[in-house]
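Presented below is the structure to which this report refers.
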Amino acid sequence: MENIDFRALNSQTQEALRIKCVKQVLKGMPQTEASRVFGISRQAIIEWMKLYRKGGIKSLRAKQRGRPHGGSLKQWQAARTVKNIVDNTPEQLKLPFYLWTREAVALLIDQRYGIRLSPWTIGRYLKRWGMTPQKPVRRAFEQNSEVVRQWLKKDYPQIRSRAKREKSRIYWGDEMGLRSDHAVGRSFSLKGKTPIIYGTGQRFGCNMISAITNKGHLQFMVYKHRFNAQVFIGFLNRMKRQVPGNIFLIIDSHPAHRSVKVKKWQKENSRFKIFYLPGYSPELNPDEMLNQDVKSNAVGRNRAHHQKELISNVRGYLRARQRRPDMVQKYFREKHVQYAAV
């Protein structure tokens, strides 16, 4: 018997032929003979036998052909899907995904509405909904969303109003460590050939503490030793000498910021008021934008050969930023800190 065009058969006939052929082979018919009798290539029979051994007869059943179908999303279904994506992670909805991918959205729609859509169709829906693939912002599990909401709606507006009444400058402060081997950015190279960036094999670093205002003022201190309450007080004393008038300093809840020594210092320096950001919420601090700027441009793109040069590079970059209040003001344009721009 000549081989037939198996693809030309409808799904039910294909299923019946697969099952009948496999059953005959199981009864002892040689695969070569089965190929001649049923007009099917021997390779196809081999594949069917593999499927049968893995999943039994059900693996030979006819599968849905062509694009997945089940209808298109109604307007209310699309709206609820968008809300689920915006308000939740896949894990929160008990989906086996870490990020919102096209496959994750397809599974969500299938589970909620019984509508099967291909990844390409999901991609078109996402584009229509104004969604694009983006790098997620990292956020700690420990962050209390209610505390953050209260900070944005109540606490900070009260601090801002009080500062206006008392004619105080609001500074946002933070500290960070800098390493000689920090790498950022990308470099063009031939396809398949990873670019090489040379730098010292030694590892060294320094630390910096800074504070900025939405008017473009910048205070900083670069140091070698470990950050503690005494270092923080040294920075506060420097601000006290350099900044006239009353100062409101908003910082995170690092133990050094809340130490007994700092509280004692604050009592002795009444023109300073210290306020604390909600826990695990660095994205609310505009000074984080300065930190990223320094890491990217003063360290990542300007290789130091020793610690003294690293410190010199960082100080030089920060002094240049002090002379450009307009650049400091731009840190407050980032989405998560725009609330502090006024």
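By convention in this document, the chains of the structure tokens carry letters A, B, ... by their order, each chain's residues are numbered from 1, and ligands are numbered from 1 in the order they are shown.
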> Within 10 Å of Met221 in chain A, counting only C-alpha atoms, which residues qualify if same-chain residues fewer than 2 places away don't, as a list of chain:residue names?
Replying inline: A:Glu175, A:Asn207, A:Met208, A:Ile209, A:Ser210, A:Ala211, A:Gln219, A:Tyr223, A:Val231, A:Phe232, A:Gly234, A:Phe235, A:Arg238, A:Met239, A:Val314, A:Arg315, A:Leu318
Atoms kept (C-alpha atoms) for selection, written as a short mmCIF file (atom, residue, chain, number, x, y, z; two decimals), in the first residue's frame:
```cif
data_model
loop_
_atom_site.label_atom_id
_atom_site.label_comp_id
_atom_site.auth_asym_id
_atom_site.auth_seq_id
_atom_site.Cartn_x
_atom_site.Cartn_y
_atom_site.Cartn_z
CA GLU A 175 24.55 56.94 52.92
CA ASN A 207 31.68 55.49 51.86
CA MET A 208 29.65 58.62 51.39
CA ILE A 209 26.75 60.33 53.11
CA SER A 210 24.74 63.04 51.40
CA ALA A 211 21.64 65.19 51.69
CA GLN A 219 25.67 68.47 51.21
CA TYR A 223 35.01 58.90 54.35
CA VAL A 231 30.14 59.53 61.64
CA PHE A 232 26.52 60.62 61.28
CA GLY A 234 30.07 64.48 62.17
CA PHE A 235 27.98 64.97 59.04
CA ARG A 238 29.17 69.84 58.96
CA MET A 239 25.65 70.71 57.82
CA VAL A 314 33.77 60.84 44.08
CA ARG A 315 34.46 64.16 45.79
CA LEU A 318 29.86 65.65 44.01
#
```
> Near Lys273 in chain A, within 12 Å and counting only C-alpha atoms, which residues show up once chain neighbours fewer than 5 positions away are dropped, as a list in words?
Replying inline: Ile159, Arg162, Ala163, Glu166, Ser168, Arg169, Ile170, Tyr171, Trp172, Leu236, Lys240, Gly245, Asn246, Ile247, Phe248, Leu249, Ile250, Ile251, Val262, Lys263, Trp265, Gln266, Lys267 and Glu268 of chain A
Do you know which residues are at most 8 Å from Tyr331 in chain A counting only C-alpha atoms, after dropping those on the same chain fewer than 6 positions away, and could you put them as a PDB file with N, CA and C atoms, in the first residue's frame?
```pdb
ATOM      1  N   PRO A 286      14.491  60.686  47.538  1.00  0.00           N
ATOM      2  CA  PRO A 286      15.117  61.266  46.337  1.00  0.00           C
ATOM      3  C   PRO A 286      16.639  61.135  46.341  1.00  0.00           C
ATOM      4  N   ASP A 287      17.250  61.066  47.532  1.00  0.00           N
ATOM      5  CA  ASP A 287      18.713  60.967  47.604  1.00  0.00           C
ATOM      6  C   ASP A 287      19.223  59.663  46.999  1.00  0.00           C
ATOM      7  N   MET A 289      18.475  58.713  44.111  1.00  0.00           N
ATOM      8  CA  MET A 289      18.790  59.057  42.728  1.00  0.00           C
ATOM      9  C   MET A 289      20.224  59.591  42.623  1.00  0.00           C
ATOM     10  N   LEU A 290      20.644  60.370  43.619  1.00  0.00           N
ATOM     11  CA  LEU A 290      22.032  60.836  43.652  1.00  0.00           C
ATOM     12  C   LEU A 290      22.981  59.654  43.805  1.00  0.00           C
TER      13      LEU A 290
END
```
> Just asking: which residues within range 119-174 of chain A are helix (DSSP H, G or I) according to DSSP, as number ranges by chain?
Replying inline: A: 119-128, 145-165
Would you write out those residues with N, CA and C atoms, as a compact mmCIF listing (two decimals), in the first residue's frame?
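Final file, result15.txt:
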```txt
# COMPACT_ATOMS: atom_id res chain seq x y z
N PRO A 119 -0.08 33.20 22.83
CA PRO A 119 0.83 34.26 23.30
C PRO A 119 0.83 35.48 22.38
N TRP A 120 0.68 35.26 21.06
CA TRP A 120 0.66 36.37 20.12
C TRP A 120 -0.58 37.24 20.32
N THR A 121 -1.72 36.59 20.56
CA THR A 121 -2.95 37.35 20.82
C THR A 121 -2.83 38.12 22.12
N ILE A 122 -2.25 37.48 23.14
CA ILE A 122 -2.04 38.16 24.43
C ILE A 122 -1.13 39.37 24.23
N GLY A 123 -0.10 39.22 23.39
CA GLY A 123 0.80 40.34 23.12
C GLY A 123 0.07 41.52 22.52
N ARG A 124 -0.86 41.24 21.61
CA ARG A 124 -1.63 42.31 20.99
C ARG A 124 -2.54 42.99 22.01
N TYR A 125 -3.16 42.17 22.89
CA TYR A 125 -3.99 42.74 23.96
C TYR A 125 -3.16 43.66 24.86
N LEU A 126 -1.98 43.18 25.27
CA LEU A 126 -1.13 43.97 26.17
C LEU A 126 -0.74 45.30 25.54
N LYS A 127 -0.42 45.27 24.26
CA LYS A 127 -0.07 46.50 23.55
C LYS A 127 -1.27 47.44 23.51
N ARG A 128 -2.45 46.88 23.26
CA ARG A 128 -3.67 47.68 23.21
C ARG A 128 -3.96 48.31 24.57
N SER A 145 2.48 48.61 53.23
CA SER A 145 1.85 49.50 52.25
C SER A 145 0.96 50.56 52.90
N GLU A 146 0.35 50.22 54.03
CA GLU A 146 -0.51 51.18 54.71
C GLU A 146 0.31 52.32 55.31
N VAL A 147 1.48 51.98 55.86
CA VAL A 147 2.38 53.00 56.41
C VAL A 147 2.88 53.91 55.29
N VAL A 148 3.20 53.32 54.14
CA VAL A 148 3.65 54.10 52.99
C VAL A 148 2.55 55.05 52.54
N ARG A 149 1.33 54.53 52.46
CA ARG A 149 0.19 55.37 52.04
C ARG A 149 0.01 56.54 53.00
N GLN A 150 0.13 56.29 54.31
CA GLN A 150 -0.02 57.35 55.30
C GLN A 150 1.10 58.39 55.18
N TRP A 151 2.30 57.90 54.86
CA TRP A 151 3.43 58.83 54.67
C TRP A 151 3.16 59.78 53.51
N LEU A 152 2.66 59.25 52.41
CA LEU A 152 2.43 60.05 51.22
C LEU A 152 1.23 60.99 51.38
N LYS A 153 0.18 60.52 52.04
CA LYS A 153 -1.06 61.29 52.15
C LYS A 153 -1.12 62.22 53.36
N LYS A 154 -0.41 61.84 54.43
CA LYS A 154 -0.56 62.59 55.68
C LYS A 154 0.77 63.08 56.25
N ASP A 155 1.70 62.12 56.51
CA ASP A 155 2.91 62.47 57.26
C ASP A 155 3.78 63.50 56.53
N TYR A 156 4.12 63.21 55.27
CA TYR A 156 5.00 64.16 54.58
C TYR A 156 4.32 65.51 54.33
N PRO A 157 3.03 65.54 53.91
CA PRO A 157 2.39 66.86 53.77
C PRO A 157 2.43 67.68 55.05
N GLN A 158 2.33 67.01 56.22
CA GLN A 158 2.41 67.73 57.49
C GLN A 158 3.81 68.28 57.73
N ILE A 159 4.83 67.46 57.39
CA ILE A 159 6.22 67.91 57.53
C ILE A 159 6.46 69.12 56.62
N ARG A 160 5.96 69.05 55.39
CA ARG A 160 6.13 70.13 54.42
C ARG A 160 5.47 71.42 54.92
N SER A 161 4.26 71.30 55.45
CA SER A 161 3.55 72.48 55.97
C SER A 161 4.28 73.08 57.17
N ARG A 162 4.77 72.22 58.04
CA ARG A 162 5.49 72.70 59.22
C ARG A 162 6.78 73.40 58.82
N ALA A 163 7.50 72.82 57.83
CA ALA A 163 8.73 73.44 57.37
C ALA A 163 8.47 74.83 56.79
N LYS A 164 7.35 74.98 56.11
CA LYS A 164 7.00 76.27 55.54
C LYS A 164 6.72 77.29 56.64
N ARG A 165 6.00 76.85 57.69
CA ARG A 165 5.69 77.75 58.81
C ARG A 165 6.95 78.17 59.54
```
>> Quick one: residues within 10 Å of range 295-299 of chain A, only C-alpha atoms, excluding same-chain residues fewer than 5 positions away - as a PyMOL selection string?
In response: chain A and resi 176-185+290+304+310-318
